[in-house]
>>> print(open('model33.cif').read())   # mmCIF, C-alpha atoms
data_input
loop_
_atom_site.group_PDB
_atom_site.id
_atom_site.type_symbol
_atom_site.label_atom_id
_atom_site.label_comp_id
_atom_site.auth_asym_id
_atom_site.auth_seq_id
_atom_site.Cartn_x
_atom_site.Cartn_y
_atom_site.Cartn_z
ATOM 1 C CA MET G 1 -26.974 69.698 101.791
ATOM 2 C CA ALA G 2 -26.405 70.106 98.051
ATOM 3 C CA THR G 3 -29.164 69.207 95.607
ATOM 4 C CA SER G 4 -29.178 68.216 91.971
ATOM 5 C CA LYS G 5 -30.220 71.760 91.112
ATOM 6 C CA ASP G 6 -27.050 73.061 92.797
ATOM 7 C CA VAL G 7 -25.002 70.629 90.708
ATOM 8 C CA ALA G 8 -26.772 71.759 87.537
ATOM 9 C CA LYS G 9 -26.074 75.420 88.332
ATOM 10 C CA LEU G 10 -22.373 74.830 89.052
ATOM 11 C CA ALA G 11 -21.901 72.632 85.961
ATOM 12 C CA GLY G 12 -23.834 75.031 83.737
ATOM 13 C CA VAL G 13 -26.307 72.395 82.589
ATOM 14 C CA SER G 14 -29.983 71.664 83.066
ATOM 15 C CA HIS G 15 -31.442 69.712 85.962
ATOM 16 C CA THR G 16 -32.461 67.008 83.469
ATOM 17 C CA THR G 17 -28.864 66.678 82.258
ATOM 18 C CA VAL G 18 -27.717 65.986 85.827
ATOM 19 C CA SER G 19 -30.309 63.217 86.095
ATOM 20 C CA ARG G 20 -29.183 61.765 82.777
ATOM 21 C CA ALA G 21 -25.557 61.779 83.898
ATOM 22 C CA PHE G 22 -26.287 59.841 87.072
ATOM 23 C CA ARG G 23 -28.461 57.377 85.154
ATOM 24 C CA GLY G 24 -25.465 56.621 82.939
ATOM 25 C CA ASP G 25 -27.157 57.830 79.743
ATOM 26 C CA VAL G 26 -24.818 56.697 76.955
ATOM 27 C CA LYS G 27 -26.144 59.454 74.658
ATOM 28 C CA LEU G 28 -24.742 62.165 76.937
ATOM 29 C CA ARG G 29 -21.538 63.753 75.627
ATOM 30 C CA PRO G 30 -18.438 62.662 77.610
ATOM 31 C CA GLU G 31 -17.371 66.238 78.311
ATOM 32 C CA THR G 32 -20.832 67.057 79.702
ATOM 33 C CA TYR G 33 -20.786 63.957 81.871
ATOM 34 C CA ASP G 34 -17.339 64.874 83.244
ATOM 35 C CA ARG G 35 -18.484 68.429 84.033
ATOM 36 C CA VAL G 36 -21.494 67.142 85.977
ATOM 37 C CA MET G 37 -19.401 64.627 87.939
ATOM 38 C CA GLN G 38 -16.793 67.257 88.810
ATOM 39 C CA ALA G 39 -19.489 69.614 90.067
ATOM 40 C CA ALA G 40 -21.095 66.823 92.100
ATOM 41 C CA ALA G 41 -17.753 65.919 93.666
ATOM 42 C CA GLN G 42 -17.049 69.565 94.509
ATOM 43 C CA LEU G 43 -20.435 69.880 96.238
ATOM 44 C CA HIS G 44 -20.257 66.401 97.832
ATOM 45 C CA TYR G 45 -23.543 65.559 96.165
ATOM 46 C CA THR G 46 -24.898 61.983 96.116
ATOM 47 C CA PRO G 47 -28.191 61.241 94.325
ATOM 48 C CA ASN G 48 -31.017 59.625 96.278
ATOM 49 C CA PHE G 49 -31.877 56.734 93.957
ATOM 50 C CA LEU G 50 -34.464 55.288 96.333
ATOM 51 C CA ALA G 51 -36.501 58.477 96.501
ATOM 52 C CA SER G 52 -36.316 58.826 92.748
ATOM 53 C CA SER G 53 -37.433 55.250 92.172
ATOM 54 C CA LEU G 54 -40.399 55.617 94.538
ATOM 55 C CA LYS G 55 -41.494 58.744 92.736
ATOM 56 C CA LYS G 56 -41.271 57.131 89.277
ATOM 57 C CA ARG G 57 -42.096 53.577 90.414
ATOM 58 C CA GLN G 58 -39.034 52.468 88.435
ATOM 59 C CA SER G 59 -35.983 51.572 90.478
ATOM 60 C CA GLY G 60 -33.495 50.902 87.710
ATOM 61 C CA VAL G 61 -32.393 47.872 89.782
ATOM 62 C CA ILE G 62 -31.841 44.462 88.181
ATOM 63 C CA GLY G 63 -31.359 41.465 90.476
ATOM 64 C CA LEU G 64 -29.044 38.505 89.877
ATOM 65 C CA VAL G 65 -29.004 35.450 92.167
ATOM 66 C CA ILE G 66 -25.918 33.259 91.672
ATOM 67 C CA CYS G 67 -25.557 29.767 93.093
ATOM 68 C CA ASP G 68 -21.826 29.709 93.826
ATOM 69 C CA ALA G 69 -19.927 32.738 95.134
ATOM 70 C CA GLY G 70 -16.600 31.019 94.492
ATOM 71 C CA ASN G 71 -17.174 30.004 90.875
ATOM 72 C CA PRO G 72 -15.185 32.304 88.545
ATOM 73 C CA PHE G 73 -17.441 31.340 85.634
ATOM 74 C CA PHE G 74 -20.541 32.764 87.327
ATOM 75 C CA LEU G 75 -18.650 35.781 88.648
ATOM 76 C CA GLY G 76 -17.362 36.539 85.159
ATOM 77 C CA ILE G 77 -20.925 36.595 83.836
ATOM 78 C CA ALA G 78 -21.982 38.920 86.671
ATOM 79 C CA GLN G 79 -19.086 41.279 85.961
ATOM 80 C CA ARG G 80 -19.849 41.495 82.244
ATOM 81 C CA LEU G 81 -23.560 41.961 82.852
ATOM 82 C CA GLU G 82 -23.002 44.695 85.440
ATOM 83 C CA ALA G 83 -20.834 46.665 83.019
ATOM 84 C CA MET G 84 -23.396 46.422 80.223
ATOM 85 C CA LEU G 85 -26.351 47.381 82.421
ATOM 86 C CA ASP G 86 -24.403 50.245 83.990
ATOM 87 C CA ARG G 87 -23.848 51.779 80.557
ATOM 88 C CA ARG G 88 -27.603 51.727 80.069
ATOM 89 C CA GLY G 89 -28.420 53.358 83.373
ATOM 90 C CA TYR G 90 -29.316 50.254 85.406
ATOM 91 C CA ARG G 91 -27.743 48.921 88.607
ATOM 92 C CA LEU G 92 -27.110 45.239 89.223
ATOM 93 C CA MET G 93 -27.863 43.777 92.658
ATOM 94 C CA VAL G 94 -26.090 40.432 93.190
ATOM 95 C CA ALA G 95 -26.841 37.769 95.820
ATOM 96 C CA PHE G 96 -25.702 34.177 96.364
ATOM 97 C CA ASP G 97 -27.849 31.211 97.384
ATOM 98 C CA GLY G 98 -25.223 28.492 97.872
ATOM 99 C CA TYR G 99 -27.403 25.966 95.997
ATOM 100 C CA ASN G 100 -29.972 26.230 98.807
ATOM 101 C CA PRO G 101 -33.592 26.482 97.493
ATOM 102 C CA GLU G 102 -34.910 28.167 100.636
ATOM 103 C CA LYS G 103 -32.122 30.726 100.644
ATOM 104 C CA GLN G 104 -32.691 31.329 96.943
ATOM 105 C CA HIS G 105 -36.334 32.088 97.668
ATOM 106 C CA ARG G 106 -35.314 34.527 100.417
ATOM 107 C CA MET G 107 -32.922 36.280 98.047
ATOM 108 C CA LEU G 108 -35.676 36.604 95.449
ATOM 109 C CA GLN G 109 -37.996 38.049 98.095
ATOM 110 C CA MET G 110 -35.329 40.515 99.181
ATOM 111 C CA MET G 111 -34.805 41.684 95.612
ATOM 112 C CA ALA G 112 -38.532 41.982 95.012
ATOM 113 C CA ALA G 113 -38.832 44.082 98.191
ATOM 114 C CA SER G 114 -36.010 46.275 96.858
ATOM 115 C CA GLN G 115 -38.193 47.150 93.848
ATOM 116 C CA ALA G 116 -36.046 45.236 91.340
ATOM 117 C CA GLN G 117 -37.573 45.577 87.885
ATOM 118 C CA ALA G 118 -36.167 42.250 86.688
ATOM 119 C CA ILE G 119 -34.579 39.342 88.544
ATOM 120 C CA ILE G 120 -32.263 36.776 86.970
ATOM 121 C CA TYR G 121 -31.870 33.515 88.860
ATOM 122 C CA MET G 122 -30.567 29.979 88.384
ATOM 123 C CA PRO G 123 -33.443 27.592 89.223
ATOM 124 C CA LEU G 124 -32.514 24.693 91.470
ATOM 125 C CA ALA G 125 -34.045 21.226 91.219
ATOM 126 C CA GLU G 126 -35.980 21.848 94.417
ATOM 127 C CA SER G 127 -36.754 25.517 93.725
ATOM 128 C CA LEU G 128 -39.865 26.856 95.388
ATOM 129 C CA PRO G 129 -42.606 28.087 93.012
ATOM 130 C CA LEU G 130 -42.475 31.799 92.233
ATOM 131 C CA GLN G 131 -45.388 33.859 93.540
ATOM 132 C CA PHE G 132 -44.507 37.507 93.153
ATOM 133 C CA ASP G 133 -45.914 40.749 91.799
ATOM 134 C CA SER G 134 -46.501 40.328 88.068
ATOM 135 C CA SER G 135 -44.733 43.640 87.431
ATOM 136 C CA ILE G 136 -41.399 41.954 88.183
ATOM 137 C CA HIS G 137 -39.804 40.193 85.215
ATOM 138 C CA PHE G 138 -38.070 36.906 86.093
ATOM 139 C CA ILE G 139 -35.421 35.440 83.800
ATOM 140 C CA GLN G 140 -34.161 31.884 84.235
ATOM 141 C CA LEU G 141 -30.481 31.196 83.656
ATOM 142 C CA PHE G 142 -28.997 27.680 83.293
ATOM 143 C CA GLY G 143 -32.202 25.949 84.343
ATOM 144 C CA LYS G 144 -35.881 25.887 83.396
ATOM 145 C CA GLN G 145 -38.464 25.895 86.164
ATOM 146 C CA ASP G 146 -41.376 27.757 84.579
ATOM 147 C CA SER G 147 -42.164 27.647 80.848
ATOM 148 C CA ARG G 148 -43.847 31.054 81.098
ATOM 149 C CA LEU G 149 -40.571 32.804 81.944
ATOM 150 C CA SER G 150 -37.634 33.788 79.776
ATOM 151 C CA TYR G 151 -34.893 31.171 79.715
ATOM 152 C CA LEU G 152 -31.259 31.356 78.587
ATOM 153 C CA ASP G 153 -28.838 28.452 78.744
ATOM 154 C CA PHE G 154 -25.871 26.730 77.165
ATOM 155 C CA ASP G 155 -26.469 23.494 75.255
ATOM 156 C CA ASP G 156 -24.899 21.150 77.806
ATOM 157 C CA TYR G 157 -25.712 18.064 75.762
ATOM 158 C CA TYR G 158 -23.834 19.449 72.761
ATOM 159 C CA GLY G 159 -20.842 20.459 74.884
ATOM 160 C CA ALA G 160 -20.549 16.999 76.464
ATOM 161 C CA TYR G 161 -20.977 15.315 73.080
ATOM 162 C CA THR G 162 -18.353 17.552 71.460
ATOM 163 C CA GLY G 163 -15.786 16.996 74.202
ATOM 164 C CA MET G 164 -16.232 13.229 74.338
ATOM 165 C CA LYS G 165 -16.144 12.929 70.549
ATOM 166 C CA TYR G 166 -12.846 14.846 70.526
ATOM 167 C CA LEU G 167 -11.270 12.507 73.112
ATOM 168 C CA LEU G 168 -12.465 9.454 71.179
ATOM 169 C CA GLU G 169 -11.056 10.848 67.929
ATOM 170 C CA MET G 170 -7.741 11.306 69.720
ATOM 171 C CA GLY G 171 -7.764 7.564 70.419
ATOM 172 C CA HIS G 172 -8.844 7.556 74.057
ATOM 173 C CA ARG G 173 -11.064 4.747 75.315
ATOM 174 C CA ARG G 174 -10.408 4.644 79.063
ATOM 175 C CA ILE G 175 -11.895 7.976 80.131
ATOM 176 C CA LEU G 176 -13.060 9.257 83.515
ATOM 177 C CA VAL G 177 -15.754 11.951 83.506
ATOM 178 C CA LEU G 178 -15.922 14.044 86.675
ATOM 179 C CA GLY G 179 -19.288 15.673 87.395
ATOM 180 C CA GLY G 180 -21.862 16.664 84.805
ATOM 181 C CA GLU G 181 -24.726 14.298 85.586
ATOM 182 C CA ASN G 182 -27.019 16.585 83.598
ATOM 183 C CA ARG G 183 -24.765 16.096 80.571
ATOM 184 C CA ARG G 184 -24.565 12.283 80.767
ATOM 185 C CA GLN G 185 -26.515 11.609 77.570
ATOM 186 C CA GLY G 186 -24.099 13.689 75.506
ATOM 187 C CA PHE G 187 -21.147 11.619 76.727
ATOM 188 C CA LEU G 188 -22.987 8.348 76.107
ATOM 189 C CA ASP G 189 -24.181 9.263 72.606
ATOM 190 C CA ALA G 190 -20.661 10.184 71.477
ATOM 191 C CA CYS G 191 -19.380 6.799 72.716
ATOM 192 C CA SER G 192 -22.246 4.936 71.087
ATOM 193 C CA GLU G 193 -21.596 6.572 67.696
ATOM 194 C CA ALA G 194 -17.903 5.640 67.918
ATOM 195 C CA GLY G 195 -18.640 2.074 68.981
ATOM 196 C CA ALA G 196 -16.797 2.682 72.252
ATOM 197 C CA GLU G 197 -17.615 1.571 75.769
ATOM 198 C CA PRO G 198 -19.183 4.272 77.983
ATOM 199 C CA PRO G 199 -16.744 6.248 80.131
ATOM 200 C CA GLN G 200 -16.463 5.925 83.875
ATOM 201 C CA PHE G 201 -18.386 8.578 85.791
ATOM 202 C CA TYR G 202 -17.468 10.170 89.073
ATOM 203 C CA SER G 203 -20.029 12.289 90.911
ATOM 204 C CA SER G 204 -19.497 13.908 94.304
ATOM 205 C CA PRO G 205 -22.786 15.222 95.744
ATOM 206 C CA GLY G 206 -22.511 15.841 99.457
ATOM 207 C CA LEU G 207 -18.842 14.849 99.719
ATOM 208 C CA THR G 208 -16.229 17.007 101.415
ATOM 209 C CA GLU G 209 -13.189 18.238 99.511
ATOM 210 C CA GLU G 210 -11.034 15.792 101.499
ATOM 211 C CA GLN G 211 -13.225 12.854 100.456
ATOM 212 C CA VAL G 212 -13.130 13.941 96.811
ATOM 213 C CA ALA G 213 -9.330 14.289 96.934
ATOM 214 C CA SER G 214 -9.048 10.777 98.401
ATOM 215 C CA ASP G 215 -11.350 9.323 95.730
ATOM 216 C CA LEU G 216 -9.437 10.977 92.902
ATOM 217 C CA ASN G 217 -6.089 9.789 94.263
ATOM 218 C CA ALA G 218 -7.454 6.229 94.235
ATOM 219 C CA TYR G 219 -8.598 6.582 90.613
ATOM 220 C CA LEU G 220 -5.244 7.957 89.518
ATOM 221 C CA ASN G 221 -3.263 5.286 91.299
ATOM 222 C CA GLN G 222 -5.136 2.541 89.448
ATOM 223 C CA GLY G 223 -3.151 3.478 86.351
ATOM 224 C CA GLU G 224 -5.824 2.369 83.877
ATOM 225 C CA LEU G 225 -7.017 5.748 82.599
ATOM 226 C CA THR G 226 -5.756 7.638 79.552
ATOM 227 C CA ALA G 227 -7.934 10.758 79.768
ATOM 228 C CA LEU G 228 -9.832 12.871 82.280
ATOM 229 C CA PHE G 229 -12.825 15.065 81.400
ATOM 230 C CA ALA G 230 -13.784 17.474 84.207
ATOM 231 C CA VAL G 231 -17.126 19.241 84.029
ATOM 232 C CA GLY G 232 -16.496 22.723 85.408
ATOM 233 C CA ASP G 233 -14.104 24.595 87.651
ATOM 234 C CA TRP G 234 -14.793 22.702 90.897
ATOM 235 C CA HIS G 235 -13.964 19.226 89.577
ATOM 236 C CA GLY G 236 -11.256 20.636 87.321
ATOM 237 C CA ARG G 237 -9.334 22.198 90.202
ATOM 238 C CA HIS G 238 -9.632 19.044 92.299
ATOM 239 C CA ILE G 239 -8.395 16.705 89.592
ATOM 240 C CA TYR G 240 -5.530 19.047 88.740
ATOM 241 C CA ARG G 241 -4.412 19.090 92.389
ATOM 242 C CA ALA G 242 -4.726 15.303 92.602
ATOM 243 C CA MET G 243 -2.575 14.882 89.480
ATOM 244 C CA LYS G 244 0.035 17.248 90.861
ATOM 245 C CA ASN G 245 0.093 15.480 94.238
ATOM 246 C CA ASN G 246 0.577 12.142 92.469
ATOM 247 C CA CYS G 247 3.316 13.519 90.184
ATOM 248 C CA ILE G 248 1.125 12.831 87.133
ATOM 249 C CA HIS G 249 1.683 15.177 84.215
ATOM 250 C CA PHE G 250 -0.543 16.063 81.280
ATOM 251 C CA PRO G 251 -0.536 15.167 78.500
ATOM 252 C CA GLU G 252 2.451 12.818 78.953
ATOM 253 C CA ASP G 253 0.827 10.610 81.614
ATOM 254 C CA LEU G 254 -2.841 11.524 81.257
ATOM 255 C CA SER G 255 -4.765 13.736 78.878
ATOM 256 C CA PHE G 256 -6.910 16.406 80.515
ATOM 257 C CA LEU G 257 -9.986 18.147 79.099
ATOM 258 C CA MET G 258 -12.485 20.270 81.002
ATOM 259 C CA PHE G 259 -15.488 22.535 80.664
ATOM 260 C CA ASP G 260 -15.089 26.325 81.010
ATOM 261 C CA ASP G 261 -12.334 28.549 79.672
ATOM 262 C CA LEU G 262 -11.003 30.222 82.823
ATOM 263 C CA GLN G 263 -7.890 32.214 83.611
ATOM 264 C CA TRP G 264 -6.114 29.261 85.211
ATOM 265 C CA THR G 265 -6.949 26.887 82.341
ATOM 266 C CA GLN G 266 -5.504 29.418 79.911
ATOM 267 C CA MET G 267 -2.322 29.806 81.970
ATOM 268 C CA LEU G 268 -1.845 26.010 82.133
ATOM 269 C CA ASP G 269 -2.671 25.588 78.429
ATOM 270 C CA ILE G 270 -5.535 23.176 79.124
ATOM 271 C CA THR G 271 -7.837 22.130 76.288
ATOM 272 C CA VAL G 272 -11.394 23.152 77.136
ATOM 273 C CA ILE G 273 -14.996 23.091 76.050
ATOM 274 C CA ALA G 274 -15.685 26.819 76.200
ATOM 275 C CA HIS G 275 -18.967 28.670 76.383
ATOM 276 C CA PRO G 276 -19.873 31.728 74.273
ATOM 277 C CA VAL G 277 -20.145 33.874 77.403
ATOM 278 C CA ASP G 278 -20.080 37.246 75.640
ATOM 279 C CA GLU G 279 -22.890 36.151 73.333
ATOM 280 C CA LEU G 280 -24.940 34.950 76.297
ATOM 281 C CA VAL G 281 -24.428 38.142 78.309
ATOM 282 C CA ASP G 282 -25.315 40.295 75.291
ATOM 283 C CA ALA G 283 -28.559 38.335 74.916
ATOM 284 C CA LEU G 284 -29.236 38.406 78.656
ATOM 285 C CA CYS G 285 -28.811 42.162 78.834
ATOM 286 C CA GLY G 286 -31.000 42.565 75.767
ATOM 287 C CA GLU G 287 -33.702 40.374 77.311
ATOM 288 C CA VAL G 288 -33.651 42.402 80.530
ATOM 289 C CA LEU G 289 -33.995 45.713 78.695
ATOM 290 C CA ARG G 290 -36.680 44.367 76.379
ATOM 291 C CA LEU G 291 -38.814 43.118 79.257
ATOM 292 C CA VAL G 292 -38.472 46.120 81.576
ATOM 293 C CA GLU G 293 -39.219 48.487 78.711
ATOM 294 C CA ASP G 294 -42.361 46.513 77.805
ATOM 295 C CA GLU G 295 -41.236 45.483 74.365
ATOM 296 C CA GLY G 296 -42.430 41.912 74.111
ATOM 297 C CA GLU G 297 -43.112 38.550 75.695
ATOM 298 C CA PRO G 298 -40.607 36.243 77.443
ATOM 299 C CA SER G 299 -38.387 34.195 75.137
ATOM 300 C CA SER G 300 -35.886 31.315 75.241
ATOM 301 C CA ARG G 301 -32.406 30.948 73.736
ATOM 302 C CA MET G 302 -29.709 28.261 73.761
ATOM 303 C CA PHE G 303 -26.000 28.793 73.015
ATOM 304 C CA LYS G 304 -23.626 26.108 71.761
ATOM 305 C CA PRO G 305 -20.284 25.464 73.533
ATOM 306 C CA TYR G 306 -17.161 24.962 71.406
ATOM 307 C CA LEU G 307 -13.751 23.300 71.633
ATOM 308 C CA ILE G 308 -10.542 25.264 72.255
ATOM 309 C CA GLU G 309 -7.660 22.916 71.520
ATOM 310 C CA ARG G 310 -4.477 23.490 73.509
ATOM 311 C CA SER G 311 -1.744 21.127 74.705
ATOM 312 C CA SER G 312 -3.304 19.027 77.492
ATOM 313 C CA VAL G 313 -4.702 16.237 75.271
ATOM 314 C CA ARG G 314 -2.421 13.950 73.274
ATOM 315 C CA ARG G 315 -3.245 11.434 70.590
ATOM 316 C CA VAL G 316 -2.938 7.775 71.558
ATOM 317 C CA SER G 317 -3.267 4.576 69.568
ATOM 318 C CA THR G 318 -6.874 3.376 69.358
ATOM 319 C CA GLU G 319 -7.450 0.746 72.013
ATOM 320 C CA LYS G 320 -9.503 -2.352 71.372
#
>>> encode(input="model33.cif", output="structure tokens")
Amino acid sequence: MATSKDVAKLAGVSHTTVSRAFRGDVKLRPETYDRVMQAAAQLHYTPNFLASSLKKRQSGVIGLVICDAGNPFFLGIAQRLEAMLDRRGYRLMVAFDGYNPEKQHRMLQMMAASQAQAIIYMPLAESLPLQFDSSIHFIQLFGKQDSRLSYLDFDDYYGAYTGMKYLLEMGHRRILVLGGENRRQGFLDACSEAGAEPPQFYSSPGLTEEQVASDLNAYLNQGELTALFAVGDWHGRHIYRAMKNNCIHFPEDLSFLMFDDLQWTQMLDITVIAHPVDELVDALCGEVLRLVEDEGEPSSRMFKPYLIERSSVRRVSTEK
């Protein structure tokens, strides 16, 4: 079986250079990296990362526990983060908890047992308290469970306030908000400042997709709404399907605004409250590297969402 020394000899480089190449060292010259990879492929060499990590007590593994495997917003963050960490010689291990606190705890235990140097997770309301080796750095994303840990999030209040204020400025007064219980105050404050009645709220905890579809059809058939504000991909997709099934078009029949700038919202030219995802991932990657390289204490950062105006919201006369 080929070893790293065999690869180094065939590529005409040092043993250390081979290690740097497989760690993804960005300072290594591209031509040197290519020569090492070609030699490794020729010899059918695969590095033993586990043995290396046990020897150095540094695995180079970063864990990420995501709540929803089907949410393109979360998956997009994971994809960006993986690419950034890979360029710096780290490997991202991803798991999904399905919004289940007990499963989340099991995933965290699994990652800790895999010698992850840092673990990013999205704390749930019923999350179990963390009791792990202090050498592991935990980073909270989109939820704050422990004030002693790093915490990165979007300013949900500001996003809800911004979106509702925009709809009110466009003349809408009969608005249905779908989801976003944690953002409720932002919606209410925007209405209060404008002297408008609070919007209607629709929440769907524990309901099946069929029940949600039936509820939304009933709302749409009432014919009293002028605008819909969906908080996230799940509610956004459901309300879009319900509109289509009821032959309701936006913005002619109903205006439509939603959180998250996704591929399908771009294709359908839907106005959105977008999140500065690249800025968040840059900061998240920086926080991971800073903590695992022992360069400081945990920190917290918030990022403000912003409006992307497209064609799904129309101006209407202000209603009394």
>>> resolve_selection(input="model33.cif", expression="the PyMOL selection byres ((chain G and resi 231) around 12)", output="PyMOL selection string")
chain G and resi 156-157+159-160+163-164+176-184+187+201-204+228-230+232-239+256-261+272-274
>>> residues_around(input="model33.cif", residues="Ala69 (chain G)", least_positions_apart="2", cutoff="10 Å", atoms="all atoms listed in the file", output="list in words")
Val65, Ile66, Cys67, Asn71, Pro72, Phe73, Phe74, Leu75, Ala95, Phe96, Asp97 and Gly98 of chain G
>>> resolve_selection(input="model33.cif", expression="the PyMOL selection byres ((chain G and resi 191-196) around 9)", output="ChimeraX atom specification")
/G:161,164-165,168-169,173,186-190,197-199,320
>>> resolve_selection(input="model33.cif", expression="the PyMOL selection byres ((chain G and resi 90) around 9)", output="VMD selection string")
chain G and resid 23 to 24 59 to 62 82 84 to 89 91 to 92
>>> atom_distance(input="model33.cif", atom1="CA of Tyr166 (chain G)", atom2="CA of Tyr219 (chain G)")
22.1 Å
>>> residues_around(input="model33.cif", residues="Arg290 (chain G)", least_positions_apart="3", cutoff="12 Å", atoms="only C-alpha atoms", output="number ranges by chain")
G: 117-118, 137, 139, 150, 283-287, 293-299
>>> atom_distance(input="model33.cif", atom1="CA of Met122 (chain G)", atom2="CA of Gln79 (chain G)")
16.3 Å
>>> atom_distance(input="model33.cif", atom1="CA of Val7 (chain G)", atom2="CA of Ala40 (chain G)")
5.6 Å
>>> closest_residue(input="model33.cif", among="G:Thr226, G:Lys5, G:Met267, G:Leu216", to="Asn246 (chain G)", atoms="only C-alpha atoms")
G:Leu216
>>> closest_residue(input="model33.cif", among="G:Asp6, G:Asp269, G:Asp153, G:Asp146", to="Phe303 (chain G)", atoms="all atoms listed in the file")
G:Asp153
>>> build_atoms(input="model33.cif", residues="region 194-213 of chain G", atoms="N, CA and C atoms", output="mmCIF file, in the frame of the given file")
data_model
loop_
_atom_site.group_PDB
_atom_site.id
_atom_site.type_symbol
_atom_site.label_atom_id
_atom_site.label_comp_id
_atom_site.auth_asym_id
_atom_site.auth_seq_id
_atom_site.Cartn_x
_atom_site.Cartn_y
_atom_site.Cartn_z
ATOM 1 N N ALA G 194 -19.265 6.085 68.220
ATOM 2 C CA ALA G 194 -17.903 5.640 67.918
ATOM 3 C C ALA G 194 -17.719 4.147 68.174
ATOM 4 N N GLY G 195 -18.751 3.485 68.666
ATOM 5 C CA GLY G 195 -18.640 2.074 68.981
ATOM 6 C C GLY G 195 -17.742 1.819 70.172
ATOM 7 N N ALA G 196 -17.663 2.788 71.084
ATOM 8 C CA ALA G 196 -16.797 2.682 72.252
ATOM 9 C C ALA G 196 -17.619 2.406 73.500
ATOM 10 N N GLU G 197 -16.966 1.802 74.494
ATOM 11 C CA GLU G 197 -17.615 1.571 75.769
ATOM 12 C C GLU G 197 -17.873 2.913 76.458
ATOM 13 N N PRO G 198 -18.925 3.018 77.257
ATOM 14 C CA PRO G 198 -19.183 4.272 77.983
ATOM 15 C C PRO G 198 -18.027 4.604 78.917
ATOM 16 N N PRO G 199 -17.815 5.873 79.209
ATOM 17 C CA PRO G 199 -16.744 6.248 80.131
ATOM 18 C C PRO G 199 -17.120 5.908 81.567
ATOM 19 N N GLN G 200 -16.162 5.992 82.448
ATOM 20 C CA GLN G 200 -16.463 5.925 83.875
ATOM 21 C C GLN G 200 -16.966 7.296 84.318
ATOM 22 N N PHE G 201 -17.865 7.315 85.276
ATOM 23 C CA PHE G 201 -18.386 8.578 85.791
ATOM 24 C C PHE G 201 -18.065 8.704 87.271
ATOM 25 N N TYR G 202 -17.680 9.900 87.649
ATOM 26 C CA TYR G 202 -17.468 10.170 89.073
ATOM 27 C C TYR G 202 -18.309 11.382 89.457
ATOM 28 N N SER G 203 -19.210 11.193 90.416
ATOM 29 C CA SER G 203 -20.029 12.289 90.911
ATOM 30 C C SER G 203 -19.761 12.441 92.396
ATOM 31 N N SER G 204 -19.894 13.666 92.913
ATOM 32 C CA SER G 204 -19.497 13.908 94.304
ATOM 33 C C SER G 204 -20.519 14.712 95.103
ATOM 34 N N PRO G 205 -21.823 14.445 94.959
ATOM 35 C CA PRO G 205 -22.786 15.222 95.744
ATOM 36 C C PRO G 205 -22.658 14.943 97.228
ATOM 37 N N GLY G 206 -22.556 15.990 98.012
ATOM 38 C CA GLY G 206 -22.511 15.841 99.457
ATOM 39 C C GLY G 206 -21.166 15.466 100.038
ATOM 40 N N LEU G 207 -20.153 15.233 99.206
ATOM 41 C CA LEU G 207 -18.842 14.849 99.719
ATOM 42 C C LEU G 207 -18.010 16.079 100.078
ATOM 43 N N THR G 208 -17.149 15.924 101.060
ATOM 44 C CA THR G 208 -16.229 17.007 101.415
ATOM 45 C C THR G 208 -15.087 17.039 100.409
ATOM 46 N N GLU G 209 -14.331 18.131 100.413
ATOM 47 C CA GLU G 209 -13.189 18.238 99.511
ATOM 48 C C GLU G 209 -12.143 17.171 99.829
ATOM 49 N N GLU G 210 -11.996 16.823 101.111
ATOM 50 C CA GLU G 210 -11.034 15.792 101.499
ATOM 51 C C GLU G 210 -11.440 14.433 100.946
ATOM 52 N N GLN G 211 -12.741 14.125 100.997
ATOM 53 C CA GLN G 211 -13.225 12.854 100.456
ATOM 54 C C GLN G 211 -13.037 12.790 98.945
ATOM 55 N N VAL G 212 -13.308 13.893 98.261
ATOM 56 C CA VAL G 212 -13.130 13.941 96.811
ATOM 57 C C VAL G 212 -11.658 13.748 96.466
ATOM 58 N N ALA G 213 -10.764 14.425 97.195
ATOM 59 C CA ALA G 213 -9.330 14.289 96.934
ATOM 60 C C ALA G 213 -8.885 12.844 97.107
#
